[in-house]
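What follows is data_1.pdb (PDB, C-alpha atoms and all ligand atoms).
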```pdb
ATOM      1  CA  MET D   1     -73.021  88.695-209.194
ATOM      2  CA  MET D   2     -73.087  86.651-212.364
ATOM      3  CA  ALA D   3     -76.155  85.715-214.283
ATOM      4  CA  VAL D   4     -76.133  81.946-214.281
ATOM      5  CA  PRO D   5     -79.086  80.208-215.906
ATOM      6  CA  ILE D   6     -80.535  77.312-214.023
ATOM      7  CA  GLY D   7     -82.020  74.242-215.557
ATOM      8  CA  ALA D   8     -79.253  72.982-217.794
ATOM      9  CA  ALA D   9     -77.740  70.711-215.174
ATOM     10  CA  GLN D  10     -80.957  69.867-213.426
ATOM     11  CA  SER D  11     -83.891  67.626-214.062
ATOM     12  CA  ALA D  12     -86.456  65.764-211.991
ATOM     13  CA  GLY D  13     -85.203  67.384-208.816
ATOM     14  CA  VAL D  14     -81.631  66.185-209.198
ATOM     15  CA  ASN D  15     -78.948  68.835-209.064
ATOM     16  CA  ARG D  16     -76.306  66.933-210.999
ATOM     17  CA  ALA D  17     -73.844  69.811-211.079
ATOM     18  CA  ALA D  18     -73.580  69.705-207.305
ATOM     19  CA  GLY D  19     -73.499  65.918-207.124
ATOM     20  CA  GLN D  20     -76.326  66.029-204.619
ATOM     21  CA  VAL D  21     -80.032  65.456-204.870
ATOM     22  CA  THR D  22     -82.117  68.587-204.729
ATOM     23  CA  ALA D  23     -83.478  68.666-201.245
ATOM     24  CA  TYR D  24     -86.986  68.966-199.942
ATOM     25  CA  TYR D  25     -88.454  68.006-196.585
ATOM     26  CA  ARG D  26     -92.131  67.554-195.920
ATOM     27  CA  PHE D  27     -94.126  67.493-192.709
ATOM     28  CA  LYS D  28     -97.641  67.961-191.381
ATOM     29  CA  LEU D  29     -98.675  70.943-189.304
ATOM     30  CA  GLY D  30    -102.202  70.215-188.145
ATOM     31  CA  THR D  31    -104.124  69.651-191.360
ATOM     32  CA  PHE D  32    -101.600  71.649-193.431
ATOM     33  CA  THR D  33     -98.739  70.063-195.355
ATOM     34  CA  VAL D  34     -95.485  72.010-195.230
ATOM     35  CA  THR D  35     -92.629  71.435-197.693
ATOM     36  CA  ALA D  36     -89.221  73.000-197.053
ATOM     37  CA  LEU D  37     -87.221  73.341-200.295
ATOM     38  CA  SER D  38     -83.520  74.075-200.623
ATOM     39  CA  ASP D  39     -82.603  76.837-203.043
ATOM     40  CA  GLY D  40     -78.884  76.185-202.513
ATOM     41  CA  PHE D  41     -76.615  78.399-200.457
ATOM     42  CA  LEU D  42     -74.714  81.673-200.198
ATOM     43  CA  THR D  43     -71.039  82.105-199.337
ATOM     44  CA  LEU D  44     -70.561  85.162-197.136
ATOM     45  CA  PRO D  45     -67.675  86.843-195.293
ATOM     46  CA  SER D  46     -67.426  85.725-191.660
ATOM     47  CA  PRO D  47     -66.273  89.133-190.329
ATOM     48  CA  LEU D  48     -69.741  90.503-191.175
ATOM     49  CA  LEU D  49     -71.334  88.125-188.655
ATOM     50  CA  ALA D  50     -70.660  90.624-185.867
ATOM     51  CA  THR D  51     -69.608  94.208-186.334
ATOM     52  CA  ASN D  52     -69.765  95.388-182.711
ATOM     53  CA  VAL D  53     -67.405  92.930-181.061
ATOM     54  CA  ALA D  54     -63.623  92.810-181.009
ATOM     55  CA  GLU D  55     -62.117  90.822-183.870
ATOM     56  CA  PRO D  56     -60.429  88.203-181.631
ATOM     57  CA  GLU D  57     -63.715  87.501-179.845
ATOM     58  CA  LEU D  58     -65.593  86.926-183.103
ATOM     59  CA  LYS D  59     -62.731  84.867-184.537
ATOM     60  CA  GLY D  60     -62.671  82.717-181.400
ATOM     61  CA  PHE D  61     -66.408  82.109-181.551
ATOM     62  CA  VAL D  62     -66.368  81.338-185.259
ATOM     63  CA  ARG D  63     -63.496  78.881-184.836
ATOM     64  CA  ALA D  64     -64.959  77.164-181.779
ATOM     65  CA  ASN D  65     -68.259  76.622-183.609
ATOM     66  CA  TYR D  66     -66.845  75.495-186.982
ATOM     67  CA  ILE D  67     -68.540  78.380-188.777
ATOM     68  CA  GLY D  68     -65.684  79.068-191.202
ATOM     69  CA  ASP D  69     -62.784  81.373-190.375
ATOM     70  CA  ASP D  70     -63.017  83.658-193.393
ATOM     71  CA  GLN D  71     -66.263  82.659-195.092
ATOM     72  CA  PHE D  72     -69.344  80.789-194.052
ATOM     73  CA  ARG D  73     -72.220  79.154-195.881
ATOM     74  CA  ALA D  74     -75.783  80.323-195.415
ATOM     75  CA  GLN D  75     -78.239  77.680-196.581
ATOM     76  CA  ILE D  76     -81.390  78.893-198.306
ATOM     77  CA  THR D  77     -84.727  77.236-197.569
ATOM     78  CA  ALA D  78     -88.008  78.327-199.134
ATOM     79  CA  VAL D  79     -91.286  76.916-197.836
ATOM     80  CA  VAL D  80     -94.525  75.821-199.494
ATOM     81  CA  ILE D  81     -97.602  75.478-197.290
ATOM     82  CA  ASP D  82    -100.549  73.505-198.638
ATOM     83  CA  THR D  83    -103.596  74.536-196.585
ATOM     84  CA  GLY D  84    -106.010  72.475-198.661
ATOM     85  CA  ASP D  85    -107.492  75.677-200.091
ATOM     86  CA  HIS D  86    -104.285  77.518-200.931
ATOM     87  CA  LEU D  87    -100.709  76.798-201.931
ATOM     88  CA  VAL D  88     -98.542  79.455-200.307
ATOM     89  CA  LEU D  89     -94.839  79.892-201.072
ATOM     90  CA  VAL D  90     -92.744  81.840-198.566
ATOM     91  CA  ASP D  91     -89.745  83.445-200.307
ATOM     92  CA  ALA D  92     -88.469  82.564-203.762
ATOM     93  CA  GLY D  93     -84.722  82.008-203.383
ATOM     94  CA  GLY D  94     -81.964  83.698-205.327
ATOM     95  CA  GLY D  95     -82.796  82.521-208.844
ATOM     96  CA  GLY D  96     -79.172  81.591-209.575
ATOM     97  CA  ARG D  97     -78.320  85.286-209.703
ATOM     98  CA  ALA D  98     -78.070  86.303-206.028
ATOM     99  CA  GLN D  99     -75.084  83.961-206.185
ATOM    100  CA  ALA D 100     -74.474  81.174-208.698
ATOM    101  CA  THR D 101     -75.008  78.568-205.973
ATOM    102  CA  THR D 102     -78.648  79.654-205.546
ATOM    103  CA  GLY D 103     -81.593  78.899-207.815
ATOM    104  CA  LEU D 104     -82.418  75.278-207.015
ATOM    105  CA  LEU D 105     -85.982  76.078-205.951
ATOM    106  CA  MET D 106     -87.603  75.318-209.309
ATOM    107  CA  ALA D 107     -85.897  71.905-209.518
ATOM    108  CA  GLY D 108     -86.887  71.298-205.895
ATOM    109  CA  LEU D 109     -90.524  72.047-206.656
ATOM    110  CA  GLU D 110     -90.384  69.631-209.568
ATOM    111  CA  GLY D 111     -88.838  66.976-207.359
ATOM    112  CA  ALA D 112     -91.496  67.547-204.705
ATOM    113  CA  GLY D 113     -94.284  67.303-207.283
ATOM    114  CA  ILE D 114     -95.417  70.907-206.848
ATOM    115  CA  ASP D 115     -96.447  72.747-210.011
ATOM    116  CA  PRO D 116     -95.333  76.415-209.770
ATOM    117  CA  ALA D 117     -98.540  77.328-211.624
ATOM    118  CA  ASP D 118    -100.576  76.021-208.672
ATOM    119  CA  ILE D 119     -98.979  78.407-206.169
ATOM    120  CA  ASP D 120    -101.544  81.132-205.521
ATOM    121  CA  ARG D 121     -99.719  83.214-202.901
ATOM    122  CA  LEU D 122     -96.039  84.170-202.693
ATOM    123  CA  VAL D 123     -95.152  85.868-199.416
ATOM    124  CA  LEU D 124     -91.877  87.790-199.616
ATOM    125  CA  THR D 125     -90.407  88.279-196.128
ATOM    126  CA  HIS D 126     -88.239  91.043-197.571
ATOM    127  CA  ALA D 127     -86.559  92.084-200.802
ATOM    128  CA  HIS D 128     -82.969  90.936-200.506
ATOM    129  CA  PRO D 129     -81.782  89.121-203.665
ATOM    130  CA  ASP D 130     -81.662  85.669-202.041
ATOM    131  CA  HIS D 131     -85.395  85.951-201.237
ATOM    132  CA  LEU D 132     -86.801  87.963-204.133
ATOM    133  CA  TRP D 133     -84.814  87.349-207.284
ATOM    134  CA  GLY D 134     -86.007  83.747-207.669
ATOM    135  CA  ALA D 135     -89.527  85.095-208.279
ATOM    136  CA  VAL D 136     -88.325  86.173-211.728
ATOM    137  CA  GLY D 137     -86.615  84.047-214.358
ATOM    138  CA  GLY D 138     -83.382  84.957-216.165
ATOM    139  CA  GLY D 139     -85.408  86.386-219.054
ATOM    140  CA  GLY D 140     -87.483  88.594-216.772
ATOM    141  CA  GLU D 141     -90.478  86.250-216.783
ATOM    142  CA  ILE D 142     -92.628  85.754-213.688
ATOM    143  CA  ARG D 143     -92.044  82.322-212.171
ATOM    144  CA  PHE D 144     -95.274  82.057-210.174
ATOM    145  CA  ALA D 145     -97.763  83.444-212.639
ATOM    146  CA  SER D 146    -100.909  82.503-210.703
ATOM    147  CA  ALA D 147     -99.673  83.904-207.399
ATOM    148  CA  ARG D 148    -100.562  87.076-205.643
ATOM    149  CA  HIS D 149     -97.129  88.421-204.581
ATOM    150  CA  ILE D 150     -97.356  89.731-201.034
ATOM    151  CA  ILE D 151     -94.819  92.118-199.529
ATOM    152  CA  SER D 152     -94.960  94.762-196.826
ATOM    153  CA  ASP D 153     -95.715  98.290-197.887
ATOM    154  CA  ALA D 154     -92.613  99.581-196.102
ATOM    155  CA  GLU D 155     -90.355  97.108-197.915
ATOM    156  CA  TRP D 156     -91.685  98.037-201.340
ATOM    157  CA  ALA D 157     -91.424 101.752-200.611
ATOM    158  CA  PHE D 158     -87.870 101.427-199.307
ATOM    159  CA  TRP D 159     -86.442  99.667-202.338
ATOM    160  CA  MET D 160     -88.386 101.635-204.915
ATOM    161  CA  ASN D 161     -87.193 104.912-203.406
ATOM    162  CA  PRO D 162     -84.157 104.065-201.316
ATOM    163  CA  PRO D 163     -83.089 106.968-199.153
ATOM    164  CA  ASP D 164     -79.516 108.007-199.742
ATOM    165  CA  LEU D 165     -78.014 105.640-197.206
ATOM    166  CA  GLY D 166     -74.646 105.896-198.836
ATOM    167  CA  PHE D 167     -75.098 102.396-200.213
ATOM    168  CA  PRO D 168     -71.607 101.166-200.978
ATOM    169  CA  GLU D 169     -70.889 100.937-204.683
ATOM    170  CA  ARG D 170     -70.936  97.148-204.564
ATOM    171  CA  TRP D 171     -74.557  97.247-203.372
ATOM    172  CA  ARG D 172     -75.828  99.343-206.256
ATOM    173  CA  GLY D 173     -76.415  96.183-208.264
ATOM    174  CA  MET D 174     -78.633  94.887-205.487
ATOM    175  CA  VAL D 175     -80.824  97.992-205.497
ATOM    176  CA  GLU D 176     -81.127  97.897-209.292
ATOM    177  CA  GLY D 177     -81.789  94.164-209.285
ATOM    178  CA  ASN D 178     -84.519  94.583-206.673
ATOM    179  CA  GLN D 179     -86.171  97.343-208.646
ATOM    180  CA  ASN D 180     -86.057  95.240-211.824
ATOM    181  CA  ALA D 181     -87.656  92.324-209.990
ATOM    182  CA  PHE D 182     -90.300  94.643-208.519
ATOM    183  CA  ARG D 183     -91.124  95.956-211.968
ATOM    184  CA  ALA D 184     -91.483  92.403-213.287
ATOM    185  CA  ILE D 185     -93.958  91.424-210.560
ATOM    186  CA  ALA D 186     -95.657  94.820-210.202
ATOM    187  CA  ASP D 187     -99.057  93.826-211.551
ATOM    188  CA  ARG D 188     -99.181  90.775-209.244
ATOM    189  CA  ILE D 189     -98.116  92.630-206.104
ATOM    190  CA  GLU D 190    -100.211  93.136-203.004
ATOM    191  CA  ARG D 191     -98.651  95.551-200.514
ATOM    192  CA  ILE D 192     -99.724  94.910-196.939
ATOM    193  CA  LYS D 193     -99.225  96.142-193.398
ATOM    194  CA  PRO D 194     -97.489  93.336-191.442
ATOM    195  CA  GLY D 195     -99.784  91.524-189.034
ATOM    196  CA  VAL D 196    -102.559  90.676-191.456
ATOM    197  CA  GLU D 197    -103.583  87.163-192.376
ATOM    198  CA  VAL D 198    -102.555  86.147-195.884
ATOM    199  CA  VAL D 199    -104.941  83.199-196.064
ATOM    200  CA  THR D 200    -106.762  81.452-193.222
ATOM    201  CA  GLY D 201    -104.111  80.116-190.824
ATOM    202  CA  ILE D 202    -101.160  82.022-192.290
ATOM    203  CA  ALA D 203    -100.360  85.465-190.867
ATOM    204  CA  THR D 204     -97.462  87.872-191.208
ATOM    205  CA  ILE D 205     -95.491  89.202-188.214
ATOM    206  CA  ASP D 206     -93.876  92.634-188.192
ATOM    207  CA  THR D 207     -90.128  91.955-187.694
ATOM    208  CA  PRO D 208     -88.255  95.046-188.955
ATOM    209  CA  GLY D 209     -84.525  95.696-188.636
ATOM    210  CA  HIS D 210     -82.883  93.324-191.110
ATOM    211  CA  THR D 211     -84.700  95.498-193.647
ATOM    212  CA  PRO D 212     -87.278  98.247-192.975
ATOM    213  CA  GLY D 213     -90.286  96.168-193.973
ATOM    214  CA  HIS D 214     -89.158  92.687-192.960
ATOM    215  CA  MET D 215     -91.932  90.233-192.057
ATOM    216  CA  SER D 216     -91.870  86.783-190.527
ATOM    217  CA  VAL D 217     -94.698  84.316-191.031
ATOM    218  CA  HIS D 218     -96.887  82.534-188.482
ATOM    219  CA  VAL D 219     -98.683  79.354-189.532
ATOM    220  CA  ALA D 220    -101.359  77.746-187.380
ATOM    221  CA  SER D 221    -103.476  74.667-188.044
ATOM    222  CA  ASP D 222    -105.445  72.443-185.708
ATOM    223  CA  GLY D 223    -103.581  73.569-182.576
ATOM    224  CA  GLU D 224    -100.097  73.341-184.087
ATOM    225  CA  GLU D 225     -97.917  76.378-184.820
ATOM    226  CA  LEU D 226     -94.942  77.148-187.024
ATOM    227  CA  VAL D 227     -92.943  80.388-187.163
ATOM    228  CA  ILE D 228     -90.988  81.027-190.366
ATOM    229  CA  THR D 229     -88.404  83.559-189.221
ATOM    230  CA  GLY D 230     -87.113  84.836-192.558
ATOM    231  CA  ASP D 231     -83.963  86.838-191.830
ATOM    232  CA  ALA D 232     -85.042  88.168-188.434
ATOM    233  CA  ILE D 233     -82.657  85.434-187.255
ATOM    234  CA  THR D 234     -79.905  84.555-189.707
ATOM    235  CA  HIS D 235     -77.478  82.132-188.031
ATOM    236  CA  ALA D 236     -78.466  78.949-186.224
ATOM    237  CA  VAL D 237     -75.561  79.143-183.755
ATOM    238  CA  LEU D 238     -74.314  82.709-183.500
ATOM    239  CA  SER D 239     -77.635  84.598-183.602
ATOM    240  CA  PHE D 240     -78.988  82.547-180.673
ATOM    241  CA  ALA D 241     -75.831  82.574-178.532
ATOM    242  CA  HIS D 242     -75.262  86.293-179.117
ATOM    243  CA  PRO D 243     -78.536  87.958-180.117
ATOM    244  CA  ASP D 244     -77.028  91.357-179.297
ATOM    245  CA  TRP D 245     -74.173  91.033-181.751
ATOM    246  CA  HIS D 246     -74.751  93.364-184.682
ATOM    247  CA  SER D 247     -74.996  91.507-187.957
ATOM    248  CA  GLY D 248     -73.392  93.284-190.864
ATOM    249  CA  PHE D 249     -76.257  91.955-192.963
ATOM    250  CA  ASP D 250     -78.855  93.904-190.966
ATOM    251  CA  GLY D 251     -79.840  97.374-192.183
ATOM    252  CA  ASP D 252     -80.880  98.870-188.829
ATOM    253  CA  ARG D 253     -78.782  96.960-186.329
ATOM    254  CA  ASP D 254     -80.356  98.216-183.077
ATOM    255  CA  LYS D 255     -83.829  97.512-184.376
ATOM    256  CA  ALA D 256     -82.696  94.093-185.617
ATOM    257  CA  VAL D 257     -81.413  93.205-182.129
ATOM    258  CA  ALA D 258     -84.706  94.277-180.518
ATOM    259  CA  THR D 259     -86.714  92.292-183.075
ATOM    260  CA  ARG D 260     -84.490  89.228-182.712
ATOM    261  CA  ARG D 261     -84.790  89.231-178.921
ATOM    262  CA  ARG D 262     -88.570  89.755-179.054
ATOM    263  CA  LEU D 263     -89.015  86.919-181.545
ATOM    264  CA  MET D 264     -86.695  84.521-179.683
ATOM    265  CA  ASP D 265     -88.403  85.273-176.366
ATOM    266  CA  LEU D 266     -91.786  84.606-177.942
ATOM    267  CA  MET D 267     -90.628  81.339-179.502
ATOM    268  CA  ALA D 268     -88.877  80.087-176.338
ATOM    269  CA  THR D 269     -92.044  80.861-174.368
ATOM    270  CA  ASP D 270     -94.724  79.590-176.754
ATOM    271  CA  ARG D 271     -92.568  76.697-178.078
ATOM    272  CA  PRO D 272     -93.830  76.655-181.711
ATOM    273  CA  LEU D 273     -92.030  74.735-184.424
ATOM    274  CA  VAL D 274     -89.607  77.153-186.115
ATOM    275  CA  LEU D 275     -88.094  77.261-189.599
ATOM    276  CA  GLY D 276     -85.031  79.439-190.323
ATOM    277  CA  TYR D 277     -84.332  80.473-193.906
ATOM    278  CA  HIS D 278     -80.544  80.387-193.545
ATOM    279  CA  PHE D 279     -80.165  77.554-191.030
ATOM    280  CA  PRO D 280     -78.719  74.125-191.940
ATOM    281  CA  PHE D 281     -81.305  72.393-194.139
ATOM    282  CA  PRO D 282     -84.182  71.855-193.522
ATOM    283  CA  GLY D 283     -83.861  74.458-190.776
ATOM    284  CA  VAL D 284     -86.710  73.038-188.701
ATOM    285  CA  GLY D 285     -86.508  72.981-184.919
ATOM    286  CA  HIS D 286     -87.178  74.839-181.701
ATOM    287  CA  VAL D 287     -85.816  77.739-179.668
ATOM    288  CA  ALA D 288     -84.550  77.053-176.133
ATOM    289  CA  ARG D 289     -83.637  79.610-173.508
ATOM    290  CA  GLU D 290     -79.990  79.576-172.415
ATOM    291  CA  GLY D 291     -79.247  82.050-169.628
ATOM    292  CA  ASP D 292     -79.767  85.515-171.051
ATOM    293  CA  ALA D 293     -79.550  84.161-174.599
ATOM    294  CA  TYR D 294     -80.947  81.236-176.568
ATOM    295  CA  ARG D 295     -80.046  77.998-178.292
ATOM    296  CA  TRP D 296     -81.261  76.429-181.546
ATOM    297  CA  VAL D 297     -82.446  72.818-181.260
ATOM    298  CA  SER D 298     -82.868  71.042-184.611
ATOM    299  CA  GLU D 299     -85.730  68.624-184.652
ATOM    300  CA  GLN D 300     -85.272  64.982-185.567
ATOM    301  CA  TRP D 301     -85.825  64.070-189.205
ATOM    302  CA  ARG D 302     -89.405  62.917-189.665
ATOM    303  CA  TRP D 303     -89.664  59.747-191.709
ATOM    304  CA  SER D 304     -93.399  59.878-192.150
ATOM    305  CA  LEU D 305     -96.098  62.483-192.454
TER     306      LEU D 305
HETATM  307 ZN    ZN D 401     -81.437  86.160-196.609
END
```
Take the structure in this file and express it as structure tokens.
Amino acid sequence: MMAVPIGAAQSAGVNRAAGQVTAYYRFKLGTFTVTALSDGFLTLPSPLLATNVAEPELKGFVRANYIGDDQFRAQITAVVIDTGDHLVLVDAGGGGRAQATTGLLMAGLEGAGIDPADIDRLVLTHAHPDHLWGAVGGGGEIRFASARHIISDAEWAFWMNPPDLGFPERWRGMVEGNQNAFRAIADRIERIKPGVEVVTGIATIDTPGHTPGHMSVHVASDGEELVITGDAITHAVLSFAHPDWHSGFDGDRDKAVATRRRLMDLMATDRPLVLGYHFPFPGVGHVAREGDAYRWVSEQWRWSL
């Protein structure tokens, strides 16, 4: 995990290093305005997509669905919700340090005309580096200085005093990095029990398993609903087709399966708009039932608000 400063190659929302414009996608949800912002992507080992199925079965699925035989890309999409009274950011990206291909959020905000100083709530679904580390700059400075930083009590407690889970050596840096980020934002933090409303119309949902204190976010305005899944569901194809497959990225895999199934069932029944943090950008769509499993249906690009 290298420390790579962002900013040098970026201005006015254009990520010149990547040869691609920095991406944001805006839509209305009732009277709220929602902006999905790409923070870049992670490259992850494909074998970790399922740890409880035979290797040939996983390899076959990965190949058939063009996921990437050895490695796959997980897109990263943060969300800003403008309620009229509040500007709420959900997750902060990887800050260019989770992996060097993360950290585009600040350029995305600039491109979308959103001043980070105007964000008054930052909801952290959980404290993995690709969600938390972007809240803090390379010099340790707080990125969203006006924002109350909201995280579940269980998540904070877990990372500040991680039980001896036999974290592999390569994960030590993650624990230390999380604790450093927590220390940087400590005086802005508000620790909550999942389920409470953050501001009017935006509530947290208890979705543990990926991490002990993982929360998803429910947004409701004027009869319209949006569920921001966070990492309760991590892959737009595999997680839906095989919700029972154990993801190597989940901490408590049985609990993660139960949470995933509960959330998918709810979303297939209630039919809200859904936004997945690691789905292909902008990660907006719906959940359909497919036999005993589910299917992700991307929504059509909206050309107007
Ligand atoms: Zn993640």
Residues within 7 Å of (-87.0, 84.8, -207.1), file coordinates, counting all atoms listed in the file: what are they? Give the list as a PyMOL selection string. chain D and resi 92-95+131-136
Here's the selection I'm unsure about, the PyMOL selection byres (((chain D and resi 31) around 10) and not hetatm); applied to the file above, which residues does it give, as a PDB file with C-alpha atoms, in the frame of the given file?
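Saved the output as expr_11.pdb:
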```pdb
ATOM      1  CA  LYS D  28     -97.641  67.961-191.381  1.00  0.00           C
ATOM      2  CA  LEU D  29     -98.675  70.943-189.304  1.00  0.00           C
ATOM      3  CA  GLY D  30    -102.202  70.215-188.145  1.00  0.00           C
ATOM      4  CA  PHE D  32    -101.600  71.649-193.431  1.00  0.00           C
ATOM      5  CA  THR D  33     -98.739  70.063-195.355  1.00  0.00           C
ATOM      6  CA  VAL D  34     -95.485  72.010-195.230  1.00  0.00           C
ATOM      7  CA  ASP D  82    -100.549  73.505-198.638  1.00  0.00           C
ATOM      8  CA  THR D  83    -103.596  74.536-196.585  1.00  0.00           C
ATOM      9  CA  GLY D  84    -106.010  72.475-198.661  1.00  0.00           C
ATOM     10  CA  ALA D 220    -101.359  77.746-187.380  1.00  0.00           C
ATOM     11  CA  SER D 221    -103.476  74.667-188.044  1.00  0.00           C
ATOM     12  CA  ASP D 222    -105.445  72.443-185.708  1.00  0.00           C
ATOM     13  CA  GLY D 223    -103.581  73.569-182.576  1.00  0.00           C
ATOM     14  CA  GLU D 224    -100.097  73.341-184.087  1.00  0.00           C
TER      15      GLU D 224
END
```
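Picture a line from atom CA of Pro280 of chain D to atom CA of Ile142 of chain D; it runs 28.3 Å.
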Best match for closeness to ligand ZN 401 (chain D) among D:Gly108, D:Pro194, D:Gly251, D:Gly230, counting only C-alpha atoms and all ligand atoms: D:Gly230
How close does chain D get to ligand ZN 401 (chain D)? List, as a tab-separated table, each residue of chain D within 7 Å, its nearest atom pair and the distance in Å to one decimal, counting all atoms listed in the file.
```
residue	atom	partner	partner_atom	distance
D:His128	CA	D:ZN401	ZN	6.4
D:Asp130	CA	D:ZN401	ZN	5.5
D:His131	CA	D:ZN401	ZN	6.1
D:Asp231	CA	D:ZN401	ZN	5.4
D:Tyr277	CA	D:ZN401	ZN	6.9
D:His278	CA	D:ZN401	ZN	6.6
```
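Distances from D:Val217, D:Ile189, D:Leu275, D:Ala98 to Gly177 of chain D were compared using only C-alpha atoms, and the smallest one belongs to D:Ala98.
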Show which residues sit within 12 Å of Val237 of chain D, as number ranges by chain. Count only C-alpha atoms, and ignore same-chain residues fewer than 6 positions away. D: 49, 61-62, 64-67, 74, 243, 276, 278-280, 283, 287-288, 293-298
Any idea what the distance is between atom CA of Pro45 of chain D and atom CA of Gln75 of chain D? 14.0 Å
Atom CA of Thr43 of chain D sits from atom CA of Arg73 of chain D at a separation of 4.7 Å
The residue from D:Thr35, D:Leu105, D:Ala54, D:Leu44 with the smallest atom-to-atom distance to Trp245 of chain D, counting only C-alpha atoms, is D:Ala54
Write a file for segment 77-91 of chain D of the given structure; include N, CA, C and O atoms and format it as a PDB file, in the first residue's frame.
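The file below, out.pdb, is the result:
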```pdb
ATOM      1  N   THR D  77     -17.632   3.957  -5.496  1.00  0.00           N
ATOM      2  CA  THR D  77     -18.576   5.059  -5.727  1.00  0.00           C
ATOM      3  C   THR D  77     -19.084   5.628  -4.411  1.00  0.00           C
ATOM      4  O   THR D  77     -19.830   4.970  -3.682  1.00  0.00           O
ATOM      5  N   ALA D  78     -18.655   6.841  -4.094  1.00  0.00           N
ATOM      6  CA  ALA D  78     -19.171   7.560  -2.936  1.00  0.00           C
ATOM      7  C   ALA D  78     -20.422   8.326  -3.371  1.00  0.00           C
ATOM      8  O   ALA D  78     -20.676   8.491  -4.563  1.00  0.00           O
ATOM      9  N   VAL D  79     -21.209   8.760  -2.397  1.00  0.00           N
ATOM     10  CA  VAL D  79     -22.490   9.393  -2.711  1.00  0.00           C
ATOM     11  C   VAL D  79     -22.652  10.663  -1.884  1.00  0.00           C
ATOM     12  O   VAL D  79     -22.368  10.655  -0.682  1.00  0.00           O
ATOM     13  N   VAL D  80     -23.088  11.737  -2.528  1.00  0.00           N
ATOM     14  CA  VAL D  80     -23.483  12.944  -1.797  1.00  0.00           C
ATOM     15  C   VAL D  80     -24.986  13.140  -1.968  1.00  0.00           C
ATOM     16  O   VAL D  80     -25.494  13.094  -3.091  1.00  0.00           O
ATOM     17  N   ILE D  81     -25.683  13.329  -0.852  1.00  0.00           N
ATOM     18  CA  ILE D  81     -27.120  13.577  -0.891  1.00  0.00           C
ATOM     19  C   ILE D  81     -27.368  14.999  -0.407  1.00  0.00           C
ATOM     20  O   ILE D  81     -26.993  15.356   0.720  1.00  0.00           O
ATOM     21  N   ASP D  82     -27.987  15.790  -1.277  1.00  0.00           N
ATOM     22  CA  ASP D  82     -28.366  17.161  -0.918  1.00  0.00           C
ATOM     23  C   ASP D  82     -29.845  17.151  -0.564  1.00  0.00           C
ATOM     24  O   ASP D  82     -30.698  16.990  -1.439  1.00  0.00           O
ATOM     25  N   THR D  83     -30.151  17.287   0.740  1.00  0.00           N
ATOM     26  CA  THR D  83     -31.559  17.232   1.170  1.00  0.00           C
ATOM     27  C   THR D  83     -32.213  18.603   1.122  1.00  0.00           C
ATOM     28  O   THR D  83     -33.399  18.725   1.383  1.00  0.00           O
ATOM     29  N   GLY D  84     -31.436  19.626   0.817  1.00  0.00           N
ATOM     30  CA  GLY D  84     -31.948  20.995   0.911  1.00  0.00           C
ATOM     31  C   GLY D  84     -31.487  21.632   2.210  1.00  0.00           C
ATOM     32  O   GLY D  84     -31.079  22.788   2.227  1.00  0.00           O
ATOM     33  N   ASP D  85     -31.520  20.839   3.294  1.00  0.00           N
ATOM     34  CA  ASP D  85     -31.058  21.327   4.597  1.00  0.00           C
ATOM     35  C   ASP D  85     -29.662  20.823   4.935  1.00  0.00           C
ATOM     36  O   ASP D  85     -28.945  21.431   5.725  1.00  0.00           O
ATOM     37  N   HIS D  86     -29.317  19.668   4.391  1.00  0.00           N
ATOM     38  CA  HIS D  86     -28.031  19.045   4.707  1.00  0.00           C
ATOM     39  C   HIS D  86     -27.364  18.511   3.441  1.00  0.00           C
ATOM     40  O   HIS D  86     -28.039  18.173   2.466  1.00  0.00           O
ATOM     41  N   LEU D  87     -26.027  18.440   3.531  1.00  0.00           N
ATOM     42  CA  LEU D  87     -25.235  17.832   2.467  1.00  0.00           C
ATOM     43  C   LEU D  87     -24.517  16.642   3.106  1.00  0.00           C
ATOM     44  O   LEU D  87     -23.605  16.827   3.920  1.00  0.00           O
ATOM     45  N   VAL D  88     -24.984  15.443   2.748  1.00  0.00           N
ATOM     46  CA  VAL D  88     -24.524  14.231   3.426  1.00  0.00           C
ATOM     47  C   VAL D  88     -23.676  13.401   2.468  1.00  0.00           C
ATOM     48  O   VAL D  88     -24.140  13.020   1.388  1.00  0.00           O
ATOM     49  N   LEU D  89     -22.446  13.125   2.862  1.00  0.00           N
ATOM     50  CA  LEU D  89     -21.566  12.251   2.078  1.00  0.00           C
ATOM     51  C   LEU D  89     -21.596  10.855   2.687  1.00  0.00           C
ATOM     52  O   LEU D  89     -21.493  10.703   3.913  1.00  0.00           O
ATOM     53  N   VAL D  90     -21.779   9.833   1.852  1.00  0.00           N
ATOM     54  CA  VAL D  90     -21.724   8.460   2.333  1.00  0.00           C
ATOM     55  C   VAL D  90     -20.438   7.826   1.816  1.00  0.00           C
ATOM     56  O   VAL D  90     -20.278   7.626   0.614  1.00  0.00           O
ATOM     57  N   ASP D  91     -19.519   7.570   2.708  1.00  0.00           N
ATOM     58  CA  ASP D  91     -18.199   6.992   2.479  1.00  0.00           C
ATOM     59  C   ASP D  91     -17.261   7.956   1.740  1.00  0.00           C
ATOM     60  O   ASP D  91     -17.703   8.795   0.955  1.00  0.00           O
TER      61      ASP D  91
END
```
